[in-house]
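Source file: my_file.cif; contents: mmCIF, C-alpha atoms and all ligand atoms.
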data_query
loop_
_atom_site.label_atom_id
_atom_site.label_comp_id
_atom_site.auth_asym_id
_atom_site.auth_seq_id
_atom_site.Cartn_x
_atom_site.Cartn_y
_atom_site.Cartn_z
CA MET A 30 9.71 30.23 63.01
CA ALA A 31 11.74 32.73 65.05
CA LYS A 32 15.48 32.35 64.64
CA SER A 33 17.52 31.06 67.56
CA LYS A 34 20.21 33.22 69.15
CA GLY A 35 22.86 31.00 67.54
CA ASP A 36 21.34 31.42 64.06
CA LYS A 37 21.18 35.18 64.46
CA LYS A 38 24.84 35.23 65.47
CA LYS A 39 25.73 33.13 62.42
CA ASP A 40 23.76 35.47 60.13
CA ALA A 41 25.57 38.47 61.54
CA LYS A 42 28.91 36.72 61.02
CA ASP A 43 28.04 35.80 57.41
CA LYS A 44 26.98 39.37 56.75
CA LYS A 45 30.29 40.63 58.07
CA GLU A 46 32.25 38.21 55.91
CA THR A 47 30.41 39.10 52.72
CA ARG A 48 30.78 42.84 53.23
CA PRO A 49 32.72 44.42 50.36
CA LYS A 50 36.44 44.69 51.07
CA GLU A 51 36.68 48.50 50.95
CA GLN A 52 34.35 48.80 53.93
CA ARG A 53 36.72 46.81 56.08
CA VAL A 54 39.86 48.64 55.12
CA GLU A 55 42.03 49.75 58.03
CA VAL A 56 42.81 53.45 58.06
CA PRO A 57 45.21 55.55 60.11
CA THR A 58 42.97 56.85 62.90
CA SER A 59 43.58 59.62 65.39
CA ALA A 60 43.84 56.95 68.08
CA ALA A 61 46.67 55.24 66.17
CA LEU A 62 48.58 58.48 65.58
CA ARG A 63 48.01 60.27 68.87
CA VAL A 64 50.99 60.92 71.12
CA GLY A 65 50.96 62.25 74.65
CA PRO A 66 52.97 63.20 77.71
CA ASP A 67 55.17 60.11 77.34
CA PHE A 68 56.21 60.91 73.77
CA SER A 69 59.75 59.92 72.79
CA TRP A 70 61.48 60.00 69.40
CA GLU A 71 62.81 56.55 70.17
CA ASP A 72 59.35 55.17 69.48
CA VAL A 73 59.11 56.84 66.08
CA ASP A 74 59.78 55.13 62.76
CA GLU A 75 59.54 57.79 60.07
CA ARG A 76 58.94 55.19 57.36
CA ALA A 77 56.11 53.48 59.23
CA THR A 78 52.52 53.53 58.01
CA PRO A 79 50.54 53.00 61.24
CA GLY A 80 46.99 51.84 60.63
CA TRP A 81 47.60 51.18 56.93
CA ASP A 82 48.81 47.98 55.32
CA GLY A 83 48.23 48.96 51.69
CA ASP A 84 50.81 50.38 49.30
CA LYS A 85 51.29 53.79 47.72
CA ALA A 86 48.88 53.16 44.85
CA ALA A 87 46.16 51.92 47.21
CA ALA A 88 46.64 55.00 49.42
CA ALA A 89 46.18 57.33 46.46
CA VAL A 90 43.00 55.50 45.43
CA HIS A 91 41.74 55.58 49.01
CA LEU A 92 42.36 59.31 49.44
CA ALA A 93 40.69 60.09 46.12
CA ALA A 94 37.70 58.01 47.19
CA ARG A 95 37.39 60.18 50.31
CA ALA A 96 37.11 63.36 48.27
CA ASP A 97 33.32 63.38 47.98
CA GLU A 98 32.75 62.86 51.68
CA LEU A 99 35.40 65.42 52.66
CA SER A 100 33.90 67.91 50.29
CA ASP A 101 30.36 67.25 51.50
CA LEU A 102 31.35 67.63 55.16
CA GLN A 103 33.32 70.79 54.47
CA GLU A 104 30.30 72.27 52.69
CA ARG A 105 28.12 71.43 55.68
CA LEU A 106 30.61 73.22 57.92
CA TYR A 107 30.64 76.22 55.62
CA ALA A 108 26.82 76.31 55.49
CA HIS A 109 26.74 76.02 59.29
CA GLY A 110 29.05 79.03 59.58
CA ARG A 111 26.98 81.04 57.12
CA THR A 112 23.85 80.46 59.18
CA GLY A 113 25.14 81.54 62.56
CA GLY A 114 26.92 78.37 63.70
CA ASP A 115 30.10 78.62 65.76
CA ARG A 116 32.04 75.53 64.68
CA SER A 117 35.35 75.56 62.86
CA VAL A 118 38.36 73.29 62.41
CA LEU A 119 42.00 74.22 62.79
CA LEU A 120 44.69 71.99 61.31
CA VAL A 121 48.12 72.80 62.75
CA LEU A 122 51.02 71.47 60.67
CA GLN A 123 54.47 71.36 62.21
CA GLY A 124 57.58 69.66 60.95
CA MET A 125 61.17 70.17 59.90
CA ASP A 126 61.90 71.61 56.45
CA THR A 127 60.93 69.23 53.63
CA ALA A 128 58.57 67.27 55.91
CA GLY A 129 55.83 67.80 53.33
CA LYS A 130 53.55 70.46 54.81
CA GLY A 131 53.02 72.01 51.39
CA GLY A 132 52.06 68.64 49.94
CA ILE A 133 49.39 68.24 52.60
CA VAL A 134 47.89 71.57 51.67
CA ARG A 135 47.93 70.70 47.96
CA HIS A 136 46.81 67.10 48.10
CA VAL A 137 44.47 67.03 51.11
CA LEU A 138 43.03 70.52 51.43
CA GLY A 139 42.98 70.59 47.63
CA LEU A 140 40.11 68.12 47.82
CA VAL A 141 37.72 70.67 49.31
CA ASP A 142 36.31 74.03 48.21
CA PRO A 143 39.06 76.64 48.68
CA GLN A 144 36.41 79.19 49.72
CA GLY A 145 36.05 77.38 53.00
CA VAL A 146 39.76 77.09 53.74
CA ALA A 147 41.80 79.76 55.54
CA LEU A 148 45.49 79.01 55.04
CA ARG A 149 48.20 80.87 56.90
CA SER A 150 51.94 80.23 56.84
CA PHE A 151 54.00 81.51 59.75
CA GLY A 152 57.51 82.60 58.90
CA VAL A 153 60.03 84.76 60.74
CA PRO A 154 57.93 87.41 62.52
CA THR A 155 57.76 90.83 60.87
CA PRO A 156 58.89 93.88 62.85
CA GLU A 157 55.24 94.65 63.55
CA GLU A 158 54.55 91.10 64.76
CA LEU A 159 57.60 91.29 67.02
CA ARG A 160 56.14 94.31 68.74
CA HIS A 161 53.22 92.18 69.92
CA HIS A 162 52.77 89.11 72.07
CA TYR A 163 53.67 85.96 70.09
CA LEU A 164 50.01 84.85 70.01
CA TRP A 165 48.90 88.12 68.42
CA ARG A 166 49.53 87.06 64.84
CA VAL A 167 48.02 83.66 65.56
CA ARG A 168 44.76 85.10 66.92
CA ARG A 169 44.39 87.19 63.79
CA ALA A 170 44.74 84.11 61.59
CA LEU A 171 42.23 81.87 63.36
CA PRO A 172 39.51 80.31 61.20
CA ARG A 173 36.15 82.02 61.32
CA PRO A 174 33.04 79.92 62.05
CA GLY A 175 32.45 77.56 59.13
CA GLN A 176 36.08 77.58 57.98
CA ILE A 177 38.83 75.01 58.00
CA GLY A 178 41.92 76.91 59.12
CA VAL A 179 45.33 75.55 58.19
CA PHE A 180 48.47 76.71 59.95
CA ASP A 181 51.64 75.92 58.00
CA ARG A 182 53.86 76.30 61.08
CA SER A 183 52.17 78.01 63.99
CA HIS A 184 52.48 79.39 67.52
CA TYR A 185 54.61 76.31 68.19
CA GLU A 186 57.51 77.98 66.40
CA ASP A 187 57.64 80.18 69.49
CA VAL A 188 58.61 77.19 71.62
CA LEU A 189 60.70 75.49 68.90
CA VAL A 190 62.87 77.61 66.59
CA THR A 191 63.00 80.40 69.18
CA ARG A 192 64.50 77.97 71.70
CA VAL A 193 67.03 76.52 69.26
CA ARG A 194 68.14 79.99 68.25
CA GLY A 195 68.17 81.33 71.79
CA LEU A 196 65.47 83.90 71.00
CA VAL A 197 63.46 83.08 74.09
CA ASP A 198 64.52 82.94 77.71
CA GLU A 199 64.54 79.23 78.68
CA ALA A 200 62.99 80.12 82.04
CA GLU A 201 59.97 81.45 80.16
CA VAL A 202 59.29 78.25 78.23
CA PRO A 203 57.17 76.34 80.80
CA ALA A 204 54.93 79.40 81.10
CA ARG A 205 54.58 79.47 77.30
CA PHE A 206 53.51 75.83 77.28
CA GLU A 207 50.84 76.65 79.87
CA GLU A 208 49.77 79.70 77.94
CA ILE A 209 49.44 77.69 74.72
CA ASN A 210 47.38 75.05 76.50
CA ARG A 211 45.04 77.71 77.90
CA PHE A 212 44.81 79.43 74.52
CA GLU A 213 43.89 76.18 72.78
CA ARG A 214 41.41 75.23 75.50
CA LYS A 215 39.57 78.52 74.99
CA LEU A 216 39.55 77.96 71.27
CA VAL A 217 38.04 74.52 71.69
CA GLU A 218 35.45 75.89 74.11
CA SER A 219 34.44 78.49 71.57
CA GLY A 220 33.74 75.84 68.90
CA THR A 221 37.04 75.05 67.16
CA THR A 222 38.21 71.48 66.72
CA ILE A 223 42.01 71.49 66.73
CA ILE A 224 44.00 68.84 64.86
CA LYS A 225 47.69 69.09 65.69
CA VAL A 226 50.04 67.22 63.39
CA ALA A 227 53.78 66.81 63.85
CA MET A 228 55.18 65.48 60.59
CA ALA A 229 58.23 63.35 61.20
CA VAL A 230 60.78 63.17 58.42
CA SER A 231 64.04 61.31 59.09
CA TYR A 232 67.46 62.95 58.88
CA ASP A 233 68.43 60.83 55.86
CA GLU A 234 65.20 61.50 54.01
CA GLN A 235 65.50 65.22 54.66
CA GLY A 236 69.04 65.06 53.26
CA ALA A 237 67.76 63.35 50.12
CA ARG A 238 64.95 65.87 49.66
CA LEU A 239 67.29 68.85 50.12
CA ARG A 240 69.76 67.30 47.67
CA GLU A 241 66.98 66.93 45.12
CA ARG A 242 66.06 70.58 45.58
CA LEU A 243 69.65 71.52 44.85
CA GLU A 244 70.18 69.15 41.95
CA ARG A 245 67.00 69.93 40.04
CA PRO A 246 66.79 73.49 38.71
CA GLU A 247 62.99 73.45 38.80
CA LYS A 248 63.20 72.83 42.55
CA HIS A 249 65.71 75.58 43.35
CA TRP A 250 62.89 77.94 44.28
CA LYS A 251 62.02 75.61 47.15
CA TYR A 252 65.53 75.64 48.54
CA ASN A 253 66.50 78.03 51.28
CA PRO A 254 70.11 78.11 52.58
CA GLY A 255 68.61 78.52 56.05
CA ASP A 256 67.33 74.93 55.77
CA ILE A 257 70.89 73.69 56.31
CA ASP A 258 71.26 75.96 59.35
CA ALA A 259 68.28 74.21 60.88
CA ARG A 260 69.51 70.76 59.75
CA VAL A 261 72.78 71.08 61.60
CA GLU A 262 70.77 71.73 64.76
CA TRP A 263 68.82 68.49 64.27
CA PRO A 264 69.38 67.06 67.80
CA GLU A 265 68.31 70.35 69.36
CA TYR A 266 65.17 70.45 67.23
CA ARG A 267 64.36 66.86 68.20
CA ARG A 268 64.76 67.76 71.87
CA VAL A 269 62.56 70.86 71.77
CA TYR A 270 59.94 69.12 69.61
CA ALA A 271 59.71 66.26 72.09
CA GLU A 272 59.38 68.66 75.02
CA ALA A 273 56.72 70.72 73.27
CA ILE A 274 54.72 67.64 72.30
CA ARG A 275 54.88 66.23 75.81
CA ALA A 276 53.86 69.52 77.41
CA THR A 277 51.06 70.45 75.01
CA SER A 278 49.42 67.18 74.05
CA THR A 279 46.21 67.72 75.97
CA GLU A 280 42.83 66.01 76.04
CA HIS A 281 41.27 68.95 74.20
CA ALA A 282 44.07 69.31 71.62
CA PRO A 283 46.28 66.23 71.36
CA TRP A 284 49.26 65.91 69.05
CA HIS A 285 49.37 63.38 66.25
CA LEU A 286 52.72 62.10 65.10
CA VAL A 287 52.57 61.42 61.37
CA PRO A 288 55.55 59.51 59.91
CA ALA A 289 56.41 61.49 56.78
CA ASP A 290 59.22 59.69 54.95
CA ARG A 291 56.54 58.32 52.67
CA LYS A 292 54.74 61.40 51.46
CA TRP A 293 51.76 59.38 50.29
CA PHE A 294 51.24 58.01 53.80
CA ALA A 295 51.40 61.44 55.43
CA ARG A 296 48.75 62.71 53.01
CA LEU A 297 46.52 59.75 53.62
CA ALA A 298 46.91 60.07 57.40
CA VAL A 299 46.15 63.79 57.53
CA GLY A 300 43.20 63.24 55.19
CA GLU A 301 41.82 60.68 57.61
CA LEU A 302 42.40 62.97 60.62
CA LEU A 303 40.54 65.76 58.88
CA LEU A 304 37.71 63.47 57.87
CA GLU A 305 37.41 62.12 61.40
CA ALA A 306 37.24 65.65 62.83
CA LEU A 307 34.61 66.77 60.32
CA ARG A 308 32.52 63.67 60.90
CA GLY A 309 32.75 64.30 64.64
CA LEU A 310 31.02 67.65 64.22
CA GLU A 311 27.85 65.79 63.17
CA LEU A 312 26.57 68.77 61.26
CA ALA A 313 23.20 68.59 59.58
CA TRP A 314 22.33 70.90 56.70
CA PRO A 315 20.87 74.11 58.10
CA THR A 316 17.10 74.31 57.92
CA ALA A 317 15.62 77.06 55.77
CA ASP A 318 14.55 80.21 57.61
CA PHE A 319 12.01 80.94 54.85
CA ASP A 320 8.85 79.24 53.64
CA VAL A 321 10.14 76.85 50.94
CA ALA A 322 6.71 76.14 49.40
CA HIS A 323 5.94 79.84 49.19
CA GLU A 324 9.32 80.57 47.56
CA LEU A 325 8.72 77.79 45.02
CA GLU A 326 5.39 79.38 44.14
CA ARG A 327 7.04 82.75 43.70
CA LEU A 328 9.72 81.20 41.51
CA SER A 329 7.13 79.47 39.31
CA ALA A 330 5.18 82.69 38.98
CA SER A 331 8.34 84.51 37.93
CA ASP A 332 8.99 82.06 35.07
CA ASP A 333 6.30 83.65 32.91
CA LEU A 334 7.36 87.23 33.44
CA PRO A 335 8.78 89.15 30.50
CA HIS A 336 12.54 88.71 30.42
P1 LIG B 401 58.95 76.44 55.04
O1 LIG B 401 60.35 76.24 55.53
O2 LIG B 401 57.92 76.38 56.13
O3 LIG B 401 58.63 75.58 53.87
P2 LIG B 401 59.90 78.81 53.77
O4 LIG B 401 61.23 78.13 53.66
O5 LIG B 401 59.24 79.35 52.55
O6 LIG B 401 58.83 77.91 54.54
P3 LIG B 401 59.10 80.97 55.43
O7 LIG B 401 57.69 80.51 55.42
O8 LIG B 401 59.36 82.34 54.91
O9 LIG B 401 60.13 79.97 54.77
O10 LIG B 401 59.60 80.93 56.94
C1 LIG B 401 59.75 79.75 57.60
C2 LIG B 401 60.84 79.98 58.61
O11 LIG B 401 60.39 80.91 59.59
C3 LIG B 401 61.23 78.72 59.33
O12 LIG B 401 62.62 78.60 59.36
C4 LIG B 401 60.70 78.95 60.73
O13 LIG B 401 61.43 78.30 61.72
C5 LIG B 401 60.80 80.46 60.85
N1 LIG B 401 59.89 80.97 61.91
C6 LIG B 401 58.57 80.76 62.01
N2 LIG B 401 58.08 81.34 63.14
C7 LIG B 401 59.14 81.90 63.74
C8 LIG B 401 59.28 82.62 64.95
N3 LIG B 401 58.25 82.87 65.75
N4 LIG B 401 60.51 83.07 65.28
C9 LIG B 401 61.57 82.82 64.46
N5 LIG B 401 61.49 82.14 63.32
C10 LIG B 401 60.31 81.68 62.96
#
As structure tokens, the full file:
Amino acid sequence: MAKSKGDKKKDAKDKKETRPKEQRVEVPTSAALRVGPDFSWEDVDERATPGWDGDKAAAAVHLAARADELSDLQERLYAHGRTGGDRSVLLVLQGMDTAGKGGIVRHVLGLVDPQGVALRSFGVPTPEELRHHYLWRVRRALPRPGQIGVFDRSHYEDVLVTRVRGLVDEAEVPARFEEINRFERKLVESGTTIIKVAMAVSYDEQGARLRERLERPEKHWKYNPGDIDARVEWPEYRRVYAEAIRATSTEHAPWHLVPADRKWFARLAVGELLLEALRGLELAWPTADFDVAHELERLSASDDLPH
């Protein structure tokens, strides 16, 4: 006898309730982390874990469980690039010193094949870089088709630190925002998915992390006296960050605000953002441009050759 509508509904509900727990787990999604033209620091809690109600241990387990899928999707992207495809991903990491950008690279990008990752850190421009337009060094570092590019700092420094230090004419800043939006739009149109992440560490947590770097000899190498110079400008950095986020969070390349006082959450969140972007590419494995059966025959025939 055919099932009634009510029975079917009940079956579907039962199915849902008996689904294993891990399939129902809430994860930090791009929708939960996205910020736009109305961004304000007042809405930010650096210790929050939006989209995640598990603890640190559960987050580590969850991220590790994503490794296979991340790795598989990254390999598809790489294969796509090697066979003439035009897609790539660019992860832009911005944040104050100690926000944990390095940890993201180690713990999230470390889950995929390093051959497919193009990492570039942007520090104080070299004399040669200063002779060019500020986007020059950025264009040269863009991921090639098939790659995941990672910018540890980025072109955004040219509307952040340069403003705080008075290295750019304030009147020029709105034009830079427009220019960056156009630049990113072109990138997206040419096949790059851009994931922009602003990692938010609180003033107190930054203080604690800097103190640890000073108190533990094995962390001295991470300490840079310039970090304190930036710290004392904290309100200015907050102001220029907020303005940059508001002006450059576009449909094609929105900003994500990732609370970073809990390092484990920031890693989990960026892992999810990357996974979401890679899934969104919907890449199939490239089809062979040779006759597979014929090649198998040739291989079999070669087995008996003298060797
Ligand atoms: P990080 O602070 O990112 O961990 P780090 O301390 O090792 O890195 P570098 O990578 O050598 O230092 O340089 C980072 C510094 O360069 C930051 O203080 C950043 O603000 C500064 N910087 C980056 N881009 C620019 C720019 N366009 N103009 C001026 N300073 C810049």
With 7 Å as the cut-off and only C-alpha atoms and all ligand atoms counted, what is the closest atom pair between each nearby residue of chain A and ligand LIG 401 (chain B)? Distances in Å to one decimal, ordered by chain and number, as CSV.
residue,atom,partner,partner_atom,distance
A:Asp126,CA,B:LIG401,O1,5.0
A:Thr127,CA,B:LIG401,O3,6.8
A:Ser150,CA,B:LIG401,O7,5.9
A:Phe151,CA,B:LIG401,C6,5.2
A:Gly152,CA,B:LIG401,O10,3.3
A:Val153,CA,B:LIG401,C10,3.8
A:Pro154,CA,B:LIG401,C8,5.5
A:Asp181,CA,B:LIG401,O2,6.6
A:Arg182,CA,B:LIG401,O2,6.4
A:Ser183,CA,B:LIG401,N2,6.8
A:His184,CA,B:LIG401,N3,7.0
A:Glu186,CA,B:LIG401,N2,4.7
A:Asp187,CA,B:LIG401,N3,4.6
A:Val190,CA,B:LIG401,O13,5.1
A:Thr191,CA,B:LIG401,N4,5.3
A:Asn253,CA,B:LIG401,O4,5.8
A:Gly255,CA,B:LIG401,O12,6.8
A:Asp256,CA,B:LIG401,O12,7.0
Using all atoms listed in the file, find the one residue out of A:Val137, A:Leu304, A:Val269, A:Leu120 that sits nearest to Ala93 of chain A.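 Closest candidate: A:Val137.
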One number please: atom CA of Trp314 of chain A to atom CA of His109 of chain A, in Å, one decimal.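 A separation of 7.2 Å between them.
With only C-alpha atoms as the atoms that count, the minimum distance from Ile274 of chain A to the choices A:Val64, A:Leu328, A:Val141, A:Ala237 is reached by A:Val64.
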Can you work out which one of A:Gly114, A:Trp263, A:Asn210, A:His281 has the shortest atom-to-atom distance to Ser231 of chain A, counting all atoms listed in the file?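 Result for the nearest residue to Ser231 of chain A: A:Trp263.
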Selection: 7 Å around Pro283 of chain A, only C-alpha atoms, excl. self and same-chain fewer than 3 positions, as an MDAnalysis selection string: chainID A and resid 63 65 225 278:280
Find the residues with any atom within 6 Å of (56.6, 69.7, 61.8); use only C-alpha atoms and the coordinates as given in the file, and write the answer as a list in words.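 Residues close enough to count: Leu122, Gln123, Gly124, Met125, Ala227 and Met228 of chain A.
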A:Val90, A:Ala147, A:Val56, A:Ile223 ranked by distance to Val121 of chain A, top pick (using only C-alpha atoms):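 Result for the nearest residue to Val121 of chain A: A:Ile223.
Considering only C-alpha atoms, the residue among A:Ile209, A:Leu196, A:Leu102, A:Ala77 positioned nearest to Val167 of chain A is A:Ile209.
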Between A:Arg168, A:Arg238, A:Lys251, A:Arg95, which has the minimum distance to Leu216 of chain A (counting all atoms listed in the file)? A:Arg168
If you measure from atom CA of Ile257 of chain A to atom CA of Trp165 of chain A, what distance in Å do you get, rounded to one decimal?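 These two atoms are separated by 29.0 Å.
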Grab the atom CA of Arg268 of chain A to atom CA of Gly195 of chain A distance for me, in Å with one decimal place.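 Distance between the two atoms: 14.0 Å.
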Segment 171-176 of chain A, all listed atoms, 3 Å padding on each side: what axis-aligned box centre and edge lengths in Å to one decimal come out, as lines of an AutoDock Vina configuration file?
center_x = 37.3
center_y = 79.8
center_z = 60.7
size_x = 15.8
size_y = 10.5
size_z = 11.4
Determine, counting all atoms listed in the file, which protein, DNA and RNA residues have an atom within 12 Å of an atom of Gly110 of chain A; residues of the same chain fewer than 3 positions away are not included. Present the result as a list in words. Gln103, Glu104, Arg105, Leu106, Tyr107, Gly113, Gly114, Asp115, Arg116, Ser117, Val118, Gly145, Pro172, Arg173, Pro174, Gly175, Gln176, Ile177, Gly220, Thr221, Leu312, Ala313, Trp314 and Pro315 of chain A
With all atoms listed in the file as the counted atoms, please give the residues lying no more than 10 Å from Pro79 of chain A, apart from itself and same-chain residues fewer than 5 positions off, as a PyMOL selection string. chain A and resi 55-58+61-62+74+287-288+294+298
Residues of the last selection are to be written out with C-alpha atoms, as a PDB file, keeping the file's coordinate frame.
ATOM      1  CA  GLU A  55      42.030  49.750  58.030  1.00  0.00           C
ATOM      2  CA  VAL A  56      42.810  53.450  58.060  1.00  0.00           C
ATOM      3  CA  PRO A  57      45.210  55.550  60.110  1.00  0.00           C
ATOM      4  CA  THR A  58      42.970  56.850  62.900  1.00  0.00           C
ATOM      5  CA  ALA A  61      46.670  55.240  66.170  1.00  0.00           C
ATOM      6  CA  LEU A  62      48.580  58.480  65.580  1.00  0.00           C
ATOM      7  CA  ASP A  74      59.780  55.130  62.760  1.00  0.00           C
ATOM      8  CA  VAL A 287      52.570  61.420  61.370  1.00  0.00           C
ATOM      9  CA  PRO A 288      55.550  59.510  59.910  1.00  0.00           C
ATOM     10  CA  PHE A 294      51.240  58.010  53.800  1.00  0.00           C
ATOM     11  CA  ALA A 298      46.910  60.070  57.400  1.00  0.00           C
TER      12      ALA A 298
END
Test item: which residues lie within 8 Å of (60.4, 72.3, 71.6) counting only C-alpha atoms, as a PyMOL selection string: chain A and resi 185+188-190+192+266-274
Fix up segment 113-139 of chain A with N, CA and C atoms, then write it as a PDB file, in the coordinates of the input.
ATOM      1  N   GLY A 113      25.042  81.189  61.133  1.00  0.00           N
ATOM      2  CA  GLY A 113      25.140  81.540  62.560  1.00  0.00           C
ATOM      3  C   GLY A 113      25.795  80.507  63.452  1.00  0.00           C
ATOM      4  N   GLY A 114      26.266  79.396  62.882  1.00  0.00           N
ATOM      5  CA  GLY A 114      26.920  78.370  63.700  1.00  0.00           C
ATOM      6  C   GLY A 114      28.293  78.828  64.176  1.00  0.00           C
ATOM      7  N   ASP A 115      28.814  78.162  65.191  1.00  0.00           N
ATOM      8  CA  ASP A 115      30.100  78.620  65.760  1.00  0.00           C
ATOM      9  C   ASP A 115      31.242  77.617  65.554  1.00  0.00           C
ATOM     10  N   ARG A 116      31.004  76.554  64.787  1.00  0.00           N
ATOM     11  CA  ARG A 116      32.040  75.530  64.680  1.00  0.00           C
ATOM     12  C   ARG A 116      33.063  75.850  63.584  1.00  0.00           C
ATOM     13  N   SER A 117      34.287  75.447  63.858  1.00  0.00           N
ATOM     14  CA  SER A 117      35.350  75.560  62.860  1.00  0.00           C
ATOM     15  C   SER A 117      36.376  74.474  63.157  1.00  0.00           C
ATOM     16  N   VAL A 118      37.296  74.297  62.225  1.00  0.00           N
ATOM     17  CA  VAL A 118      38.360  73.290  62.410  1.00  0.00           C
ATOM     18  C   VAL A 118      39.683  73.986  62.182  1.00  0.00           C
ATOM     19  N   LEU A 119      40.660  73.653  62.983  1.00  0.00           N
ATOM     20  CA  LEU A 119      42.000  74.220  62.790  1.00  0.00           C
ATOM     21  C   LEU A 119      43.017  73.088  62.700  1.00  0.00           C
ATOM     22  N   LEU A 120      43.646  72.997  61.529  1.00  0.00           N
ATOM     23  CA  LEU A 120      44.690  71.990  61.310  1.00  0.00           C
ATOM     24  C   LEU A 120      46.047  72.669  61.474  1.00  0.00           C
ATOM     25  N   VAL A 121      46.790  72.227  62.469  1.00  0.00           N
ATOM     26  CA  VAL A 121      48.120  72.800  62.750  1.00  0.00           C
ATOM     27  C   VAL A 121      49.172  71.837  62.211  1.00  0.00           C
ATOM     28  N   LEU A 122      49.974  72.319  61.257  1.00  0.00           N
ATOM     29  CA  LEU A 122      51.020  71.470  60.670  1.00  0.00           C
ATOM     30  C   LEU A 122      52.389  71.932  61.128  1.00  0.00           C
ATOM     31  N   GLN A 123      53.092  71.060  61.807  1.00  0.00           N
ATOM     32  CA  GLN A 123      54.470  71.360  62.210  1.00  0.00           C
ATOM     33  C   GLN A 123      55.388  70.290  61.654  1.00  0.00           C
ATOM     34  N   GLY A 124      56.612  70.649  61.436  1.00  0.00           N
ATOM     35  CA  GLY A 124      57.580  69.660  60.950  1.00  0.00           C
ATOM     36  C   GLY A 124      58.832  70.366  60.489  1.00  0.00           C
ATOM     37  N   MET A 125      59.912  69.607  60.394  1.00  0.00           N
ATOM     38  CA  MET A 125      61.170  70.170  59.900  1.00  0.00           C
ATOM     39  C   MET A 125      61.011  70.498  58.409  1.00  0.00           C
ATOM     40  N   ASP A 126      61.939  71.296  57.877  1.00  0.00           N
ATOM     41  CA  ASP A 126      61.900  71.610  56.450  1.00  0.00           C
ATOM     42  C   ASP A 126      61.855  70.320  55.647  1.00  0.00           C
ATOM     43  N   THR A 127      61.133  70.353  54.576  1.00  0.00           N
ATOM     44  CA  THR A 127      60.930  69.230  53.630  1.00  0.00           C
ATOM     45  C   THR A 127      60.014  68.137  54.172  1.00  0.00           C
ATOM     46  N   ALA A 128      59.425  68.332  55.353  1.00  0.00           N
ATOM     47  CA  ALA A 128      58.570  67.270  55.910  1.00  0.00           C
ATOM     48  C   ALA A 128      57.342  67.020  55.040  1.00  0.00           C
ATOM     49  N   GLY A 129      56.953  68.019  54.253  1.00  0.00           N
ATOM     50  CA  GLY A 129      55.830  67.800  53.330  1.00  0.00           C
ATOM     51  C   GLY A 129      54.572  68.571  53.698  1.00  0.00           C
ATOM     52  N   LYS A 130      54.729  69.678  54.416  1.00  0.00           N
ATOM     53  CA  LYS A 130      53.550  70.460  54.810  1.00  0.00           C
ATOM     54  C   LYS A 130      52.819  70.991  53.571  1.00  0.00           C
ATOM     55  N   GLY A 131      53.621  71.468  52.623  1.00  0.00           N
ATOM     56  CA  GLY A 131      53.020  72.010  51.390  1.00  0.00           C
ATOM     57  C   GLY A 131      52.230  70.947  50.637  1.00  0.00           C
ATOM     58  N   GLY A 132      52.747  69.743  50.636  1.00  0.00           N
ATOM     59  CA  GLY A 132      52.060  68.640  49.940  1.00  0.00           C
ATOM     60  C   GLY A 132      50.719  68.320  50.594  1.00  0.00           C
ATOM     61  N   ILE A 133      50.661  68.481  51.899  1.00  0.00           N
ATOM     62  CA  ILE A 133      49.390  68.240  52.600  1.00  0.00           C
ATOM     63  C   ILE A 133      48.361  69.270  52.137  1.00  0.00           C
ATOM     64  N   VAL A 134      48.817  70.512  52.077  1.00  0.00           N
ATOM     65  CA  VAL A 134      47.890  71.570  51.670  1.00  0.00           C
ATOM     66  C   VAL A 134      47.385  71.283  50.251  1.00  0.00           C
ATOM     67  N   ARG A 135      48.307  70.946  49.357  1.00  0.00           N
ATOM     68  CA  ARG A 135      47.930  70.700  47.960  1.00  0.00           C
ATOM     69  C   ARG A 135      47.045  69.471  47.805  1.00  0.00           C
ATOM     70  N   HIS A 136      47.474  68.377  48.392  1.00  0.00           N
ATOM     71  CA  HIS A 136      46.810  67.100  48.100  1.00  0.00           C
ATOM     72  C   HIS A 136      45.621  66.782  49.004  1.00  0.00           C
ATOM     73  N   VAL A 137      45.597  67.333  50.214  1.00  0.00           N
ATOM     74  CA  VAL A 137      44.470  67.030  51.110  1.00  0.00           C
ATOM     75  C   VAL A 137      43.475  68.190  51.102  1.00  0.00           C
ATOM     76  N   LEU A 138      43.962  69.385  51.419  1.00  0.00           N
ATOM     77  CA  LEU A 138      43.030  70.520  51.430  1.00  0.00           C
ATOM     78  C   LEU A 138      42.558  70.824  50.012  1.00  0.00           C
ATOM     79  N   GLY A 139      43.368  70.399  49.030  1.00  0.00           N
ATOM     80  CA  GLY A 139      42.980  70.590  47.630  1.00  0.00           C
ATOM     81  C   GLY A 139      41.737  69.803  47.245  1.00  0.00           C
TER      82      GLY A 139
END
